[in-house]
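Trainee: Would you mind keeping the following structure in view while I ask a few things?
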Protein chains: 2
Amino acid sequence: MTSNTLNEIEIIKSSTSKIDSVDFQNLTFGNVFTDHMLVCDYKNGQWEKPVIKPYAPFLMEPSAKVFHYGQAIFEGMKAYKDKNDDIWLFRPDQNFERFNKSATRMAMPEVPEFVFMEGLKQLINLEKDWVQKGLGNSLYLRPFMIATGPGVIAAPSQQYRFMIILSPAKSYYSGEVKVIIAEHFSRAANGGIGAAKAAGNYSAQFYPTKLANEKGFQQIIWTDDATHTKLEEAGTMNVFFRINDTLYTAPTSERILDGVTRKSVIDIAKRDNLNIEVRSVLVDELVEAAKNGSLKEIFGAGTAAVISPISGFSYKEEYFELPKLENSFAMHIKQTLTNIQNKLAEDTFGWTVKI
Amino acid sequence: MTSNTLNEIEIIKSSTSKIDSVDFQNLTFGNVFTDHMLVCDYKNGQWEKPVIKPYAPFLMEPSAKVFHYGQAIFEGMKAYKDKNDDIWLFRPDQNFERFNKSATRMAMPEVPEFVFMEGLKQLINLEKDWVQKGLGNSLYLRPFMIATGPGVIAAPSQQYRFMIILSPAKSYYSGEVKVIIAEHFSRAANGGIGAAKAAGNYSAQFYPTKLANEKGFQQIIWTDDATHTKLEEAGTMNVFFRINDTLYTAPTSERILDGVTRKSVIDIAKRDNLNIEVRSVLVDELVEAAKNGSLKEIFGAGTAAVISPISGFSYKEEYFELPKLENSFAMHIKQTLTNIQNKLAEDTFGWTVKI
């Protein structure tokens, strides 16, 4: 079956469901998966017929390229159920587009729109009982692609597997988030893969983050690797800084992910007449603003946590506590965004897509 | 079984061998594997008993961290058979040490020496018929570790699998190698994972290398990502430049792999009274040397190809052909090194280890 005749998804239903054993009130993020998954293999230069089948482990070759060369990409998305039991996606076109940009950067084949979009829709439809109603509840969607072809020679795989797995999620509250500004470690190189949702970008952060954790900080604010003077991302999220009444975030680049939440924050800020400037914020500028009291807020923006307020930051062994604001930009934006996502407020942007 | 009581390897022999179906004269690198593999799992904070068993695909969780976050490392080594049918490893201590350095950088557990070293020895012993005699023949050894623990949250896995797979190899001749000097893309960031043999470093190179291939070049010479002025590595190898009668190679750093072949080349050069300097070579310096005729050789150094002479390079759309020398440093070093590896010359360094 060639990719231009891909117009059907085979569905093999699970004979049982584990949904009754799931405690939806006490979910930890990304650990419980629904009853089915979508699998679509790429072989001989073509995508095969996608199949939705029971969620289960699958066989991999010991020499599969993903194990040896990390050729793998993913997306993070969410589905929400409104009070009428309709299910909505948030800007799925943006994730689809970015997925294929990541694929290109990692020398992987682009995934056909039918497989990604129709795959998501049919899989979610089958699992609609797993999407819980109520603000804070969602179904986390994880499309990903791995290099399944064999061979321990560092060259692109000839075989790939695209998959979608689904995980029910509660509102993501990570507690107080204190961050440390990176003075030595980095997440991305100029001319590297930092703008792609490539698997290897994430494990590269584990060790520096572990060191930060040991010092009592939950996350790292990444700086540019050449000079460590420009503030770029916070952990696995984009990052915003509010100095006086202006919100700043770095422009996207080869080092910075073009986050869907990031661009939605910018659009909401503009619509709601908050001052927003897309430009690099320097570490010195942040420290100066913290010292003179003009630094009001720092927050991360990403699909999992939506908006994650940061309570303080450390730089060169000095800790700067941020003020606790009653009417923070972070809270306004988070509420606005989650209301749109949950169909509790009018979606003036046309971001939500009904399944 | 805790790691400090790890003193035994279980062996489950394959009832058949595929060795008779292998054409040892026409092997392509890294595509044929021997009959057995070593598997050792890490769970609950401990390494379990290593098992040597028939080479076969194995089951993986769809949410395994290696698929989503690229938490994976590897080593490349070779075993050689001498004329007395003894089998030798080349500096395996160096690979073991580097493997655990990579593990630390990727927030993975260190592998016990017994599992790595004794695992290699027992596995190779079982597969000794797969190690072919004669200069150019070897058994390529691929120890690797992948994050097998489940969960789509970007944090280190709680479960890992260490494996060793073996692939018979012929002398690696890649034909004429013309390279392009990177002006835009990079392989590593300051404060990144370039010095680790982390899976993600390799797939990051696939796309830039594909673009180079399309222009008629086989490999890329990587430059520092901040300025693109310093020459750092060639493809997946370390790189050496000979200007007049001095050999240069970049010092190891966070961006440059501490290659075993690289350090062996340096030691051979010193012993054999070749001038060698470990310092960064600038792109401008290379272009100038090519123009005034003082640039004599460029070669890559790595386990797979040992020494890979480069016939010319392109920079800013200009191509510089290298002279064809009768008595090149590359050939002297390659011959010296392969003679030591194959026990055809005295190993004054004590690099070879009998199995």
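Identifiers in the structure tokens: chain A, B, ... in order shown; residue index from 1 per chain; ligand index from 1 in order shown.
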Per residue of chain A within 6 Å of chain B, what are the shortest atom pair and its distance in Å to one decimal, counting only C-alpha atoms, with rows by chain and residue number, as JSON lines?
Mentor:
{"residue": "A:Gly30", "atom": "CA", "partner": "B:Val152", "partner_atom": "CA", "distance": 4.7}
{"residue": "A:Asn31", "atom": "CA", "partner": "B:Gly151", "partner_atom": "CA", "distance": 4.8}
{"residue": "A:Pro57", "atom": "CA", "partner": "B:Glu61", "partner_atom": "CA", "distance": 4.4}
{"residue": "A:Phe58", "atom": "CA", "partner": "B:Leu59", "partner_atom": "CA", "distance": 5.0}
{"residue": "A:Leu59", "atom": "CA", "partner": "B:Leu59", "partner_atom": "CA", "distance": 4.4}
{"residue": "A:Met60", "atom": "CA", "partner": "B:Pro57", "partner_atom": "CA", "distance": 5.1}
{"residue": "A:Glu61", "atom": "CA", "partner": "B:Pro57", "partner_atom": "CA", "distance": 4.5}
{"residue": "A:Pro62", "atom": "CA", "partner": "B:Pro57", "partner_atom": "CA", "distance": 5.9}
{"residue": "A:His68", "atom": "CA", "partner": "B:Ala199", "partner_atom": "CA", "distance": 5.2}
{"residue": "A:Tyr69", "atom": "CA", "partner": "B:Ala199", "partner_atom": "CA", "distance": 4.0}
{"residue": "A:Gly70", "atom": "CA", "partner": "B:Gly200", "partner_atom": "CA", "distance": 4.4}
{"residue": "A:Gln71", "atom": "CA", "partner": "B:Ser203", "partner_atom": "CA", "distance": 5.1}
{"residue": "A:Arg105", "atom": "CA", "partner": "B:Tyr207", "partner_atom": "CA", "distance": 5.8}
{"residue": "A:Met106", "atom": "CA", "partner": "B:Tyr207", "partner_atom": "CA", "distance": 5.9}
{"residue": "A:Ala107", "atom": "CA", "partner": "B:Tyr207", "partner_atom": "CA", "distance": 4.9}
{"residue": "A:Gly151", "atom": "CA", "partner": "B:Asn31", "partner_atom": "CA", "distance": 4.9}
{"residue": "A:Val152", "atom": "CA", "partner": "B:Gly30", "partner_atom": "CA", "distance": 4.7}
{"residue": "A:Ile153", "atom": "CA", "partner": "B:Gly30", "partner_atom": "CA", "distance": 5.6}
{"residue": "A:His184", "atom": "CA", "partner": "B:Gly191", "partner_atom": "CA", "distance": 5.5}
{"residue": "A:Phe185", "atom": "CA", "partner": "B:Gly191", "partner_atom": "CA", "distance": 3.9}
{"residue": "A:Ser186", "atom": "CA", "partner": "B:Gly191", "partner_atom": "CA", "distance": 4.9}
{"residue": "A:Ala188", "atom": "CA", "partner": "B:Ala189", "partner_atom": "CA", "distance": 5.9}
{"residue": "A:Ala189", "atom": "CA", "partner": "B:Ala189", "partner_atom": "CA", "distance": 4.3}
{"residue": "A:Asn190", "atom": "CA", "partner": "B:Asp225", "partner_atom": "CA", "distance": 5.3}
{"residue": "A:Gly191", "atom": "CA", "partner": "B:Phe185", "partner_atom": "CA", "distance": 3.8}
{"residue": "A:Gly192", "atom": "CA", "partner": "B:Ser186", "partner_atom": "CA", "distance": 5.3}
{"residue": "A:Ala199", "atom": "CA", "partner": "B:Tyr69", "partner_atom": "CA", "distance": 4.0}
{"residue": "A:Gly200", "atom": "CA", "partner": "B:Gly200", "partner_atom": "CA", "distance": 4.3}
{"residue": "A:Tyr202", "atom": "CA", "partner": "B:Tyr69", "partner_atom": "CA", "distance": 5.1}
{"residue": "A:Ser203", "atom": "CA", "partner": "B:Gln71", "partner_atom": "CA", "distance": 5.1}
{"residue": "A:Phe206", "atom": "CA", "partner": "B:Ala107", "partner_atom": "CA", "distance": 5.9}
{"residue": "A:Tyr207", "atom": "CA", "partner": "B:Ala107", "partner_atom": "CA", "distance": 4.9}
{"residue": "A:Asp225", "atom": "CA", "partner": "B:Asn190", "partner_atom": "CA", "distance": 5.3}
{"residue": "A:Ala226", "atom": "CA", "partner": "B:Ala226", "partner_atom": "CA", "distance": 5.5}
Trainee: May I have the residues within 10 Å of Ile11 in chain B as a list in words, using only C-alpha atoms and disregarding those fewer than 5 positions away in the same chain?
Mentor: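 The residues that qualify are His36, Met37, Leu38, Pro50, Val51, Ile52, Lys53, Pro54, Gln122, Leu123 and Leu126 of chain B.
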Trainee: Contacts of Phe299 in chain A at 8 Å or less, counting only C-alpha atoms, minus same-chain residues fewer than 6 places along, as a PyMOL selection string?
Mentor: chain A and resi 239-241+307-310+330
Trainee: Could you give me, as a list of chain:residue names, the residues within 7 Å of Pro251 in chain B, counting only C-alpha atoms and dropping anything in the same chain fewer than 6 positions from it?
Mentor: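 Skipping anything fewer than 6 positions along the chain leaves B:Val278, B:Arg279, B:Ser280.
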Trainee: Only C-alpha atoms, please: the residues just picked out, written as an mmCIF file, in the first residue's frame.
Mentor:
data_model
loop_
_atom_site.group_PDB
_atom_site.id
_atom_site.type_symbol
_atom_site.label_atom_id
_atom_site.label_comp_id
_atom_site.auth_asym_id
_atom_site.auth_seq_id
_atom_site.Cartn_x
_atom_site.Cartn_y
_atom_site.Cartn_z
ATOM 1 C CA VAL B 278 47.386 18.298 19.973
ATOM 2 C CA ARG B 279 45.796 21.644 19.288
ATOM 3 C CA SER B 280 42.836 23.080 17.400
#
Trainee: So which residues touch Glu297 in chain B within 10 Å, counting only C-alpha atoms, skipping near sequence neighbours fewer than 4 positions away, as JSON, numbers by chain?
Mentor: {"B": [240, 241, 242, 243, 244, 245, 247, 290, 309, 310, 311, 312, 322, 323, 324, 325, 328, 329, 330]}
Trainee: For the helix (DSSP H, G or I) assignment from backbone DSSP, which residues of range 51-182 of chain A qualify? Please present them as a ChimeraX atom specification.
Mentor: /A:65-69,92-105,113-126,128-130
Trainee: Please, which residues in range 186-300 of chain A fall within 12 Å of range 87-90 of chain A when counting only C-alpha atoms, and what is the closest atom pair and distance in Å to one decimal for each, ordered by chain then residue number, as a Markdown table?
Mentor:
| residue | atom | partner | partner_atom | distance |
| --- | --- | --- | --- | --- |
| A:Val260 | CA | A:Phe90 | CA | 9.2 |
| A:Thr261 | CA | A:Phe90 | CA | 9.7 |
| A:Ser264 | CA | A:Phe90 | CA | 10.2 |
Trainee: Mind giving me the straight-line distance from CA of Leu282 in chain B to CA of Leu231 in chain B in Å, one decimal?
Mentor: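 That distance, rounded to one decimal, is 5.9 Å.
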Trainee: May I ask which of the residues A:Tyr315, A:Trp222, A:Tyr80, A:Trp47 is the closest one to Lys133 in chain A, counting only C-alpha atoms?
Mentor: A:Tyr80
Trainee: So which residues touch Ile180 in chain B within 7 Å, counting only C-alpha atoms, skipping near sequence neighbours fewer than 6 positions away, as an MDAnalysis selection string?
Mentor: chainID B and resid 212 217 219:221 313:315
Trainee: Of the residues A:Met331, A:Val287, A:Ala195, A:Ile12, which is the one nearest to Lys316 in chain A, using only C-alpha atoms?
Mentor: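 Closest to Lys316 in chain A of all the choices is A:Val287.
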Trainee: When DSSP works through the backbone of this structure, what residues of range 28-222 of chain B end up as strand (DSSP E or B), shown as an NGL selection string?
Mentor: :B and (36-43 or 46-47 or 51-54 or 58-60 or 72-74 or 77-81 or 87-90 or 133 or 138-147 or 160-169 or 178-181 or 198 or 219-222)
Trainee: Do a neighbour search on Ala305 in chain B at 10 Å with only C-alpha atoms, toss out local chain neighbours closer than 4 positions, and write the hits as a short mmCIF file (atom, residue, chain, number, x, y, z; two decimals) with N, CA and C atoms, in the first residue's frame.
Mentor:
data_model
loop_
_atom_site.label_atom_id
_atom_site.label_comp_id
_atom_site.auth_asym_id
_atom_site.auth_seq_id
_atom_site.Cartn_x
_atom_site.Cartn_y
_atom_site.Cartn_z
N PHE B 29 29.32 -3.63 6.36
CA PHE B 29 29.58 -3.36 7.77
C PHE B 29 28.29 -3.30 8.61
N LYS B 170 34.70 -7.06 7.54
CA LYS B 170 35.85 -7.04 6.62
C LYS B 170 36.53 -5.69 6.79
N SER B 171 37.72 -5.59 6.30
CA SER B 171 38.42 -4.31 6.22
C SER B 171 37.46 -3.29 5.62
N TYR B 172 37.39 -2.15 6.26
CA TYR B 172 36.38 -1.15 5.94
C TYR B 172 36.96 -0.20 4.92
N TYR B 173 36.57 -0.35 3.68
CA TYR B 173 37.06 0.60 2.69
C TYR B 173 35.89 1.35 2.08
N SER B 174 35.86 2.63 2.33
CA SER B 174 34.68 3.40 1.94
C SER B 174 34.88 4.10 0.61
N MET B 237 34.21 10.21 13.21
CA MET B 237 35.60 9.90 13.59
C MET B 237 36.30 11.14 14.12
N THR B 261 41.03 5.11 19.00
CA THR B 261 41.93 5.12 17.85
C THR B 261 42.72 6.44 17.84
N GLY B 300 40.66 10.55 8.98
CA GLY B 300 39.82 10.27 10.13
C GLY B 300 40.35 9.06 10.86
N ALA B 301 40.05 8.98 12.16
CA ALA B 301 40.50 7.85 12.98
C ALA B 301 39.34 7.37 13.84
N PRO B 309 41.72 7.84 5.04
CA PRO B 309 42.32 9.00 4.37
C PRO B 309 41.26 9.81 3.61
N LYS B 334 48.21 3.49 9.91
CA LYS B 334 47.21 2.43 9.74
C LYS B 334 47.86 1.05 9.78
#
Trainee: Report, in Å with one decimal, the straight-line distance from CA of Met77 in chain A to CA of Gln341 in chain A.
Mentor: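 Result for CA of Met77 in chain A versus CA of Gln341 in chain A: 11.3 Å, one decimal.
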